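Enquirer: Structure supplied as data24.cif; contents: mmCIF, C-alpha atoms.
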```
data_query
#
loop_
_atom_site.group_PDB
_atom_site.id
_atom_site.type_symbol
_atom_site.label_atom_id
_atom_site.label_comp_id
_atom_site.auth_asym_id
_atom_site.auth_seq_id
_atom_site.Cartn_x
_atom_site.Cartn_y
_atom_site.Cartn_z
ATOM 1 C CA MET P 13 10.107 7.206 -30.357
ATOM 2 C CA SER P 14 11.844 6.407 -27.130
ATOM 3 C CA THR P 15 11.771 8.782 -24.217
ATOM 4 C CA HIS P 16 14.535 9.468 -21.755
ATOM 5 C CA ILE P 17 13.461 11.760 -18.953
ATOM 6 C CA ARG P 18 16.211 12.816 -16.615
ATOM 7 C CA GLN P 19 15.826 13.511 -12.940
ATOM 8 C CA THR P 20 16.815 17.197 -12.801
ATOM 9 C CA ASP P 21 16.523 17.804 -9.057
ATOM 10 C CA PRO P 22 15.890 15.148 -6.434
ATOM 11 C CA PHE P 23 12.511 13.559 -7.242
ATOM 12 C CA ARG P 24 11.770 16.090 -9.963
ATOM 13 C CA TRP P 25 11.956 15.231 -13.650
ATOM 14 C CA ASP P 26 12.607 17.199 -16.790
ATOM 15 C CA GLY P 27 9.290 18.417 -18.217
ATOM 16 C CA ILE P 28 7.083 16.575 -15.721
ATOM 17 C CA ALA P 29 4.769 18.938 -13.861
ATOM 18 C CA VAL P 30 4.404 18.816 -10.099
ATOM 19 C CA SER P 31 0.616 18.807 -9.954
ATOM 20 C CA ALA P 32 -2.113 19.109 -7.393
ATOM 21 C CA TYR P 33 -2.904 15.747 -5.806
ATOM 22 C CA LYS P 34 -6.602 16.125 -6.606
ATOM 23 C CA PRO P 35 -8.595 18.970 -8.188
ATOM 24 C CA GLY P 36 -9.719 20.252 -4.791
ATOM 25 C CA GLY P 37 -10.896 19.429 -1.308
ATOM 26 C CA THR P 38 -9.911 19.597 2.323
ATOM 27 C CA HIS P 39 -9.640 15.832 2.849
ATOM 28 C CA PHE P 40 -5.923 15.778 1.966
ATOM 29 C CA ALA P 41 -2.966 18.024 2.780
ATOM 30 C CA GLY P 42 0.615 18.703 1.716
ATOM 31 C CA ILE P 43 0.720 16.182 -1.116
ATOM 32 C CA SER P 44 1.722 16.547 -4.761
ATOM 33 C CA ARG P 45 1.454 14.307 -7.815
ATOM 34 C CA GLN P 46 3.729 13.718 -10.793
ATOM 35 C CA LEU P 47 2.653 11.523 -13.688
ATOM 36 C CA LEU P 48 5.801 9.656 -14.726
ATOM 37 C CA PHE P 49 4.280 7.296 -17.307
ATOM 38 C CA ASP P 50 0.795 7.657 -18.745
ATOM 39 C CA GLY P 51 0.341 4.224 -20.296
ATOM 40 C CA GLY P 52 -0.502 4.181 -23.993
ATOM 41 C CA GLU P 53 0.224 1.730 -26.787
ATOM 42 C CA GLY P 54 1.360 -1.564 -25.284
ATOM 43 C CA LEU P 55 1.037 -0.350 -21.691
ATOM 44 C CA ALA P 56 -2.182 -0.567 -19.641
ATOM 45 C CA CYS P 57 -0.949 1.151 -16.483
ATOM 46 C CA GLN P 58 0.208 4.528 -15.268
ATOM 47 C CA LEU P 59 3.110 5.164 -12.916
ATOM 48 C CA ARG P 60 2.705 8.178 -10.657
ATOM 49 C CA TYR P 61 4.956 9.667 -7.974
ATOM 50 C CA PHE P 62 3.290 11.145 -4.910
ATOM 51 C CA GLU P 63 5.160 13.213 -2.376
ATOM 52 C CA VAL P 64 3.813 14.039 1.056
ATOM 53 C CA ASP P 65 5.311 16.908 3.050
ATOM 54 C CA PRO P 66 5.864 16.539 6.790
ATOM 55 C CA GLY P 67 2.414 16.683 8.378
ATOM 56 C CA GLY P 68 0.705 15.892 5.092
ATOM 57 C CA TYR P 69 -1.615 13.043 4.129
ATOM 58 C CA SER P 70 -3.432 11.550 1.174
ATOM 59 C CA SER P 71 -7.185 11.130 0.963
ATOM 60 C CA LEU P 72 -8.811 8.352 2.984
ATOM 61 C CA GLU P 73 -10.489 6.400 0.192
ATOM 62 C CA ARG P 74 -11.173 3.095 -1.521
ATOM 63 C CA HIS P 75 -11.954 1.948 -5.066
ATOM 64 C CA ARG P 76 -12.217 -1.152 -7.226
ATOM 65 C CA HIS P 77 -8.784 -0.690 -8.793
ATOM 66 C CA ALA P 78 -5.670 -1.795 -6.918
ATOM 67 C CA HIS P 79 -2.515 0.102 -6.048
ATOM 68 C CA ALA P 80 1.033 -1.221 -6.296
ATOM 69 C CA ILE P 81 3.284 1.084 -4.312
ATOM 70 C CA MET P 82 7.012 1.439 -3.716
ATOM 71 C CA VAL P 83 8.376 4.010 -1.293
ATOM 72 C CA ILE P 84 11.355 5.759 -2.889
ATOM 73 C CA ARG P 85 11.852 8.755 -0.566
ATOM 74 C CA GLY P 86 11.875 9.028 3.198
ATOM 75 C CA MET P 87 9.470 7.154 5.379
ATOM 76 C CA GLY P 88 5.824 7.260 6.300
ATOM 77 C CA ARG P 89 2.839 5.392 7.564
ATOM 78 C CA ALA P 90 -0.229 4.007 5.902
ATOM 79 C CA LEU P 91 -3.609 2.671 6.802
ATOM 80 C CA VAL P 92 -4.395 -0.242 4.497
ATOM 81 C CA GLY P 93 -7.533 -2.128 5.427
ATOM 82 C CA ASP P 94 -7.381 -2.565 9.192
ATOM 83 C CA ARG P 95 -3.600 -2.263 9.549
ATOM 84 C CA ILE P 96 -1.318 0.697 10.150
ATOM 85 C CA LEU P 97 1.984 0.097 8.342
ATOM 86 C CA ASP P 98 5.345 1.698 9.082
ATOM 87 C CA LEU P 99 6.991 2.264 5.728
ATOM 88 C CA ALA P 100 10.655 2.806 4.910
ATOM 89 C CA THR P 101 12.393 3.541 1.616
ATOM 90 C CA HIS P 102 11.947 0.757 -0.966
ATOM 91 C CA ASP P 103 9.215 -0.976 1.007
ATOM 92 C CA LEU P 104 6.360 -2.286 -1.142
ATOM 93 C CA VAL P 105 2.650 -1.972 -0.402
ATOM 94 C CA GLY P 106 -0.208 -3.623 -2.249
ATOM 95 C CA VAL P 107 -3.629 -2.061 -1.780
ATOM 96 C CA PRO P 108 -6.301 -4.544 -2.931
ATOM 97 C CA PRO P 109 -9.636 -3.512 -4.444
ATOM 98 C CA LEU P 110 -12.193 -1.891 -2.130
ATOM 99 C CA THR P 111 -9.736 -1.481 0.733
ATOM 100 C CA TRP P 112 -9.668 1.731 2.756
ATOM 101 C CA HIS P 113 -6.271 3.392 2.635
ATOM 102 C CA GLN P 114 -4.517 6.608 3.614
ATOM 103 C CA PHE P 115 -0.841 7.616 3.549
ATOM 104 C CA ARG P 116 0.804 10.016 5.970
ATOM 105 C CA ALA P 117 4.314 11.459 6.079
ATOM 106 C CA GLY P 118 6.336 9.944 8.878
ATOM 107 C CA GLY P 119 8.917 12.443 9.989
ATOM 108 C CA GLY P 120 10.595 15.713 9.259
ATOM 109 C CA VAL P 121 11.353 14.839 5.640
ATOM 110 C CA PRO P 122 9.260 14.368 2.517
ATOM 111 C CA PHE P 123 7.674 10.960 2.050
ATOM 112 C CA GLY P 124 7.591 9.918 -1.604
ATOM 113 C CA PHE P 125 6.214 6.829 -3.263
ATOM 114 C CA LEU P 126 5.573 5.385 -6.700
ATOM 115 C CA CYS P 127 2.044 4.155 -7.374
ATOM 116 C CA MET P 128 1.177 1.898 -10.314
ATOM 117 C CA VAL P 129 -2.495 1.849 -11.368
ATOM 118 C CA ASP P 130 -4.576 0.734 -14.326
ATOM 119 C CA CYS P 131 -5.161 3.486 -16.893
ATOM 120 C CA GLY P 132 -8.859 2.553 -16.930
ATOM 121 C CA ARG P 133 -10.026 2.766 -13.352
ATOM 122 C CA ASP P 134 -12.967 3.760 -11.188
ATOM 123 C CA THR P 135 -13.381 6.926 -9.149
ATOM 124 C CA PRO P 136 -12.289 6.739 -5.501
ATOM 125 C CA GLU P 137 -14.980 6.667 -2.846
ATOM 126 C CA ARG P 138 -14.647 8.467 0.482
ATOM 127 C CA PRO P 139 -16.110 6.982 3.657
ATOM 128 C CA ASP P 140 -19.660 7.941 4.594
ATOM 129 C CA ALA P 141 -20.702 8.364 8.230
ATOM 130 C CA GLU P 142 -21.313 4.651 8.683
ATOM 131 C CA ALA P 143 -17.966 3.634 7.182
ATOM 132 C CA LEU P 144 -16.182 6.255 9.272
ATOM 133 C CA ALA P 145 -17.836 4.994 12.440
ATOM 134 C CA ALA P 146 -16.724 1.464 11.592
ATOM 135 C CA LEU P 147 -13.146 2.590 10.974
ATOM 136 C CA ARG P 148 -13.167 4.550 14.226
ATOM 137 C CA GLY P 149 -14.238 1.464 16.122
ATOM 138 C CA ASP P 150 -10.516 0.716 16.307
ATOM 139 C CA PRO P 151 -8.900 3.415 18.475
ATOM 140 C CA VAL P 152 -5.553 3.072 16.685
ATOM 141 C CA ILE P 153 -7.210 3.697 13.335
ATOM 142 C CA ALA P 154 -9.334 6.486 14.840
ATOM 143 C CA ALA P 155 -6.145 8.251 15.936
ATOM 144 C CA PHE P 156 -4.470 7.730 12.567
ATOM 145 C CA ILE P 157 -7.021 8.798 10.007
ATOM 146 C CA ARG P 158 -7.554 12.339 8.758
ATOM 147 C CA VAL P 159 -10.770 13.323 7.021
ATOM 148 C CA MET T 1 -5.739 -8.556 2.141
ATOM 149 C CA SER T 2 -3.109 -5.880 1.981
ATOM 150 C CA THR T 3 0.526 -6.716 1.554
ATOM 151 C CA HIS T 4 3.473 -4.925 3.076
ATOM 152 C CA ILE T 5 6.795 -6.258 1.837
ATOM 153 C CA ARG T 6 9.810 -4.786 3.522
ATOM 154 C CA GLN T 7 13.170 -4.207 1.916
ATOM 155 C CA THR T 8 15.376 -6.507 4.008
ATOM 156 C CA ASP T 9 18.755 -5.776 2.401
ATOM 157 C CA PRO T 10 19.437 -3.095 -0.183
ATOM 158 C CA PHE T 11 17.272 -3.905 -3.222
ATOM 159 C CA ARG T 12 16.189 -7.235 -1.799
ATOM 160 C CA TRP T 13 12.706 -7.809 -0.407
ATOM 161 C CA ASP T 14 11.233 -10.138 2.160
ATOM 162 C CA GLY T 15 10.021 -13.302 0.463
ATOM 163 C CA ILE T 16 10.722 -12.123 -3.096
ATOM 164 C CA ALA T 17 13.046 -14.484 -4.953
ATOM 165 C CA VAL T 18 16.040 -13.235 -6.880
ATOM 166 C CA SER T 19 15.423 -15.133 -10.102
ATOM 167 C CA ALA T 20 17.169 -15.841 -13.351
ATOM 168 C CA TYR T 21 16.594 -13.073 -15.882
ATOM 169 C CA LYS T 22 15.392 -15.573 -18.487
ATOM 170 C CA PRO T 23 15.164 -19.386 -18.465
ATOM 171 C CA GLY T 24 18.446 -19.725 -20.376
ATOM 172 C CA GLY T 25 20.698 -18.464 -23.100
ATOM 173 C CA THR T 26 24.004 -16.759 -23.743
ATOM 174 C CA HIS T 27 22.553 -13.512 -25.082
ATOM 175 C CA PHE T 28 22.501 -11.854 -21.644
ATOM 176 C CA ALA T 29 24.926 -11.775 -18.711
ATOM 177 C CA GLY T 30 25.090 -10.808 -15.053
ATOM 178 C CA ILE T 31 21.443 -9.836 -14.671
ATOM 179 C CA SER T 32 18.784 -10.921 -12.164
ATOM 180 C CA ARG T 33 15.046 -10.432 -11.921
ATOM 181 C CA GLN T 34 12.699 -9.861 -8.997
ATOM 182 C CA LEU T 35 8.931 -9.763 -9.464
ATOM 183 C CA LEU T 36 7.719 -7.056 -7.067
ATOM 184 C CA PHE T 37 4.054 -6.954 -8.113
ATOM 185 C CA ASP T 38 2.363 -9.559 -10.272
ATOM 186 C CA GLY T 39 -0.799 -7.689 -11.238
ATOM 187 C CA GLY T 40 -4.074 -9.411 -10.411
ATOM 188 C CA GLU T 41 -7.520 -8.158 -9.526
ATOM 189 C CA GLY T 42 -7.758 -4.472 -10.401
ATOM 190 C CA LEU T 43 -4.202 -4.286 -11.749
ATOM 191 C CA ALA T 44 -3.223 -5.047 -15.363
ATOM 192 C CA CYS T 45 0.539 -4.604 -15.034
ATOM 193 C CA GLN T 46 3.524 -6.187 -13.353
ATOM 194 C CA LEU T 47 6.369 -4.321 -11.691
ATOM 195 C CA ARG T 48 9.748 -6.051 -11.908
ATOM 196 C CA TYR T 49 13.178 -5.073 -10.614
ATOM 197 C CA PHE T 50 16.176 -5.977 -12.758
ATOM 198 C CA GLU T 51 19.723 -5.697 -11.512
ATOM 199 C CA VAL T 52 22.741 -5.785 -13.777
ATOM 200 C CA ASP T 53 26.199 -6.519 -12.338
ATOM 201 C CA PRO T 54 29.230 -4.602 -13.587
ATOM 202 C CA GLY T 55 29.939 -5.908 -17.070
ATOM 203 C CA GLY T 56 26.456 -7.393 -17.408
ATOM 204 C CA TYR T 57 23.737 -6.732 -19.950
ATOM 205 C CA SER T 58 20.138 -7.565 -20.764
ATOM 206 C CA SER T 59 19.016 -9.261 -23.957
ATOM 207 C CA LEU T 60 18.944 -7.220 -27.164
ATOM 208 C CA GLU T 61 15.286 -7.584 -28.094
ATOM 209 C CA ARG T 62 12.005 -6.000 -29.137
ATOM 210 C CA HIS T 63 8.299 -6.793 -28.714
ATOM 211 C CA ARG T 64 4.857 -5.299 -29.133
ATOM 212 C CA HIS T 65 4.458 -4.459 -25.449
ATOM 213 C CA ALA T 66 6.051 -1.312 -24.044
ATOM 214 C CA HIS T 67 8.394 -0.833 -21.100
ATOM 215 C CA ALA T 68 8.172 1.949 -18.514
ATOM 216 C CA ILE T 69 11.460 2.047 -16.648
ATOM 217 C CA MET T 70 12.871 3.916 -13.663
ATOM 218 C CA VAL T 71 16.484 3.504 -12.605
ATOM 219 C CA ILE T 72 16.642 3.101 -8.835
ATOM 220 C CA ARG T 73 20.223 1.896 -8.304
ATOM 221 C CA GLY T 74 23.516 3.048 -9.774
ATOM 222 C CA MET T 75 23.872 4.046 -13.370
ATOM 223 C CA GLY T 76 24.003 2.418 -16.750
ATOM 224 C CA ARG T 77 23.496 2.765 -20.447
ATOM 225 C CA ALA T 78 20.784 1.652 -22.794
ATOM 226 C CA LEU T 79 20.195 1.267 -26.477
ATOM 227 C CA VAL T 80 16.606 2.284 -27.204
ATOM 228 C CA GLY T 81 15.781 2.436 -30.891
ATOM 229 C CA ASP T 82 18.736 4.213 -32.497
ATOM 230 C CA ARG T 83 19.930 6.071 -29.412
ATOM 231 C CA ILE T 84 22.410 5.180 -26.671
ATOM 232 C CA LEU T 85 21.239 6.695 -23.398
ATOM 233 C CA ASP T 86 23.347 7.486 -20.332
ATOM 234 C CA LEU T 87 21.169 6.676 -17.345
ATOM 235 C CA ALA T 88 21.467 7.862 -13.750
ATOM 236 C CA THR T 89 19.461 6.998 -10.660
ATOM 237 C CA HIS T 90 15.780 7.999 -10.942
ATOM 238 C CA ASP T 91 15.980 8.638 -14.678
ATOM 239 C CA LEU T 92 12.959 7.397 -16.622
ATOM 240 C CA VAL T 93 12.999 5.493 -19.908
ATOM 241 C CA GLY T 94 10.044 4.637 -22.109
ATOM 242 C CA VAL T 95 10.589 1.819 -24.598
ATOM 243 C CA PRO T 96 7.823 1.939 -27.227
ATOM 244 C CA PRO T 97 6.450 -1.125 -29.011
ATOM 245 C CA LEU T 98 8.723 -2.871 -31.521
ATOM 246 C CA THR T 99 11.805 -0.884 -30.533
ATOM 247 C CA TRP T 100 15.165 -2.621 -30.172
ATOM 248 C CA HIS T 101 16.590 -2.180 -26.695
ATOM 249 C CA GLN T 102 19.402 -3.414 -24.476
ATOM 250 C CA PHE T 103 20.593 -2.328 -21.025
ATOM 251 C CA ARG T 104 24.174 -2.453 -19.799
ATOM 252 C CA ALA T 105 25.682 -1.705 -16.403
ATOM 253 C CA GLY T 106 27.634 1.516 -16.444
ATOM 254 C CA GLY T 107 30.386 1.310 -13.884
ATOM 255 C CA GLY T 108 31.762 -0.619 -10.981
ATOM 256 C CA VAL T 109 28.449 -0.835 -9.143
ATOM 257 C CA PRO T 110 25.182 -2.693 -9.744
ATOM 258 C CA PHE T 111 22.721 -1.031 -12.089
ATOM 259 C CA GLY T 112 19.129 -1.589 -11.000
ATOM 260 C CA PHE T 113 15.863 -0.522 -12.562
ATOM 261 C CA LEU T 114 12.151 -0.967 -12.177
ATOM 262 C CA CYS T 115 10.265 -2.088 -15.270
ATOM 263 C CA MET T 116 6.473 -1.857 -15.595
ATOM 264 C CA VAL T 117 4.844 -4.097 -18.219
ATOM 265 C CA ASP T 118 1.410 -5.392 -19.116
ATOM 266 C CA CYS T 119 0.579 -8.744 -17.530
ATOM 267 C CA GLY T 120 -0.658 -9.934 -20.917
ATOM 268 C CA ARG T 121 2.202 -9.421 -23.324
ATOM 269 C CA ASP T 122 3.943 -10.930 -26.328
ATOM 270 C CA THR T 123 7.221 -12.867 -26.382
ATOM 271 C CA PRO T 124 10.363 -10.840 -27.080
ATOM 272 C CA GLU T 125 12.001 -11.217 -30.465
ATOM 273 C CA ARG T 126 15.788 -11.224 -30.938
ATOM 274 C CA PRO T 127 17.376 -9.681 -34.022
ATOM 275 C CA ASP T 128 17.953 -11.932 -37.037
ATOM 276 C CA ALA T 129 20.995 -11.475 -39.280
ATOM 277 C CA GLU T 130 19.322 -8.746 -41.316
ATOM 278 C CA ALA T 131 18.199 -6.776 -38.261
ATOM 279 C CA LEU T 132 21.654 -7.131 -36.700
ATOM 280 C CA ALA T 133 23.307 -5.858 -39.858
ATOM 281 C CA ALA T 134 20.980 -2.851 -39.859
ATOM 282 C CA LEU T 135 21.766 -2.102 -36.210
ATOM 283 C CA ARG T 136 25.483 -2.466 -36.884
ATOM 284 C CA GLY T 137 25.235 0.058 -39.668
ATOM 285 C CA ASP T 138 25.730 2.636 -36.931
ATOM 286 C CA PRO T 139 29.244 2.165 -35.522
ATOM 287 C CA VAL T 140 28.241 3.519 -32.113
ATOM 288 C CA ILE T 141 25.452 0.948 -31.848
ATOM 289 C CA ALA T 142 27.738 -1.754 -33.246
ATOM 290 C CA ALA T 143 30.185 -1.066 -30.424
ATOM 291 C CA PHE T 144 27.458 -1.030 -27.792
ATOM 292 C CA ILE T 145 25.375 -4.111 -28.456
ATOM 293 C CA ARG T 146 26.063 -7.578 -27.090
ATOM 294 C CA VAL T 147 24.504 -10.625 -28.690
#
```
Using the file provided, produce a representation of the structure as structure tokens.
Expert:
Amino acid sequence: MSTHIRQTDPFRWDGIAVSAYKPGGTHFAGISRQLLFDGGEGLACQLRYFEVDPGGYSSLERHRHAHAIMVIRGMGRALVGDRILDLATHDLVGVPPLTWHQFRAGGGVPFGFLCMVDCGRDTPERPDAEALAALRGDPVIAAFIRV
Amino acid sequence: MSTHIRQTDPFRWDGIAVSAYKPGGTHFAGISRQLLFDGGEGLACQLRYFEVDPGGYSSLERHRHAHAIMVIRGMGRALVGDRILDLATHDLVGVPPLTWHQFRAGGGVPFGFLCMVDCGRDTPERPDAEALAALRGDPVIAAFIRV
């Protein structure tokens, strides 16, 4: 049957757990994950909501699947490929396959964004020493990234 | 490469056309469509933004593909299956396969929602006389629907 899931508090939804961003690690900080839609019959994608606290950041990673992102809370910055983007509410970001990316909160408020992904997708890859050295060849990127 | 598409005016995006909801017909009113993400390599779904003016409504229809919806502007109401839902900003609605649905603006302001769908999907079906009679068997639904 149909589902209607109400927003109960700002950016929190009835019955949807605020989960850990990833099972574990020290390569991310101050970020949570809520699975809003899990795909299923007639729907090949998931829609997740990620929220980054001030000072927080997502994992620096890449993968074969793409991301389709809409900021819906606050503002932030992102590395996507070789560009640092300044992101405001309702901005859209496409992250193509095999493109390094990392999201960071931008100010004193939470930074929240929707992220649409295929249900069937590959595991993210983190940069090895060689990839990190290449990324750090650009001083702006070197100053931005957190690993 | 990566894409960053800024919101230029509220709920309007740089370079994204505000399109007709459907090619033609009189079974919908006061509704526009913007294609935010078109799927592509590594992404099996589209993300669209629909906006319904006060008094407007989407088509009453069903199909085998599902909808995953988040309200991001204003408020509205929806028929999904046999229920009329009151929808506020950031509420989520799942429309399962083969479920009759219609969205209507709820007040004096635009009602806008994101809708995630499979890129490969079937054509919507409108109710025939028999299906309409069944829907109208419920007086609340009869009063709600627009055809």
Enquirer: Rank nothing, just name the residue among T:Ala68, T:Leu35, T:Leu60, T:Ala29 nearest to chain P, using only C-alpha atoms.
Expert: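 Nearest to chain P: T:Ala68.
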Enquirer: Would you write out, as a tab-separated table, a table of all residues in chain P that have an atom no more than 8 Å from an atom of chain T, listing for each the closest atom pair and the distance in Å to one decimal, considering all atoms listed in the file and ordering rows by chain and rising residue number?
Expert:
```
residue	atom	partner	partner_atom	distance
P:Met13	CA	T:Pro96	CA	6.5
P:Ser14	CA	T:Val95	CA	5.4
P:Thr15	CA	T:Gly94	CA	5.0
P:His16	CA	T:Val93	CA	4.6
P:Ile17	CA	T:Leu92	CA	5.0
P:Arg18	CA	T:Asp91	CA	4.6
P:Gln19	CA	T:Asp91	CA	5.2
P:Phe23	CA	T:His90	CA	7.4
P:Trp25	CA	T:Asp91	CA	7.8
P:Leu48	CA	T:Leu92	CA	7.7
P:Phe49	CA	T:Ala68	CA	6.7
P:Glu53	CA	T:Ala66	CA	7.1
P:Gly54	CA	T:His65	CA	4.2
P:Leu55	CA	T:Ala66	CA	5.6
P:Ala56	CA	T:Asp118	CA	6.0
P:Cys57	CA	T:Cys45	CA	6.1
P:Arg76	CA	T:Gly42	CA	6.4
P:His77	CA	T:Gly42	CA	4.2
P:Ala78	CA	T:Gly42	CA	4.9
P:His79	CA	T:Leu43	CA	7.4
P:Ala80	CA	T:Phe37	CA	6.7
P:Val92	CA	T:Ser2	CA	6.3
P:Gly93	CA	T:Ser2	CA	6.7
P:Leu97	CA	T:His4	CA	7.4
P:Leu99	CA	T:Arg6	CA	7.9
P:Ala100	CA	T:Arg6	CA	7.8
P:Thr101	CA	T:Gln7	CA	7.8
P:His102	CA	T:Gln7	CA	5.9
P:Asp103	CA	T:Arg6	CA	4.6
P:Leu104	CA	T:Ile5	CA	5.0
P:Val105	CA	T:His4	CA	4.6
P:Gly106	CA	T:Thr3	CA	5.0
P:Val107	CA	T:Ser2	CA	5.4
P:Pro108	CA	T:Ser2	CA	6.0
P:Pro109	CA	T:Gly42	CA	6.3
P:Val129	CA	T:Leu43	CA	6.4
P:Asp130	CA	T:Leu43	CA	5.7
```
Enquirer: Ranking T:Pro110, T:Lys22, T:Arg136, T:Ile31 by minimum distance to Met75 (chain T) and counting all atoms listed in the file, which one comes first?
Expert: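 Closest to Met75 (chain T) of all the choices is T:Pro110.
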Enquirer: Please provide as a list in words all residues within 8 Å of Arg146 (chain T), with the sequence filter that same-chain residues fewer than 2 positions apart are discarded (counting all atoms listed in the file).
Expert: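 Residues meeting the cut-off are His27, Phe28, Tyr57, Ser59, Leu60 and Phe144 of chain T.
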Enquirer: Here is a test: counting only C-alpha atoms, which residue of T:Gln102, T:Gln34, T:Thr26, T:Ser19 is nearest to Pro124 (chain T)?
Expert: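 Using only C-alpha atoms, the shortest distance to Pro124 (chain T) belongs to T:Gln102.
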Enquirer: Going by the chain IDs and residue numbers used in this file, which residues fall under the PyMOL selection byres ((chain P and resi 120) around 6)? Write them as an NGL selection string.
Expert: :P and (66 or 119 or 121)
Enquirer: Could you check the closest approach to Val83 (chain P) for each of P:Gly37, P:Ala29, P:Cys127, P:Ala143 and tell me which residue wins, using all atoms listed in the file?
Expert: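 Among the listed residues, the smallest separation from Val83 (chain P) belongs to P:Cys127.
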Enquirer: Taking 2 positions as the minimum chain separation for residues in the same chain, which residues sit within 6 Å of Phe103 (chain T) when counting all atoms listed in the file? Answer as an mmCIF file with C-alpha atoms, in the coordinates of the input.
Expert:
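Writing done, so here's part-v5.cif:
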```cif
data_model
loop_
_atom_site.group_PDB
_atom_site.id
_atom_site.type_symbol
_atom_site.label_atom_id
_atom_site.label_comp_id
_atom_site.auth_asym_id
_atom_site.auth_seq_id
_atom_site.Cartn_x
_atom_site.Cartn_y
_atom_site.Cartn_z
ATOM 1 C CA TYR T 57 23.737 -6.732 -19.950
ATOM 2 C CA SER T 58 20.138 -7.565 -20.764
ATOM 3 C CA ARG T 77 23.496 2.765 -20.447
ATOM 4 C CA ALA T 78 20.784 1.652 -22.794
#
```
Enquirer: Mind giving me the axis-aligned box for region 131-136 of chain T with 3 Å on every side, centre plus edges in Å to one decimal, as lines of an AutoDock Vina configuration file?
Expert:
```
center_x = 21.8
center_y = -4.6
center_z = -38.0
size_x = 13.3
size_y = 11.0
size_z = 9.6
```
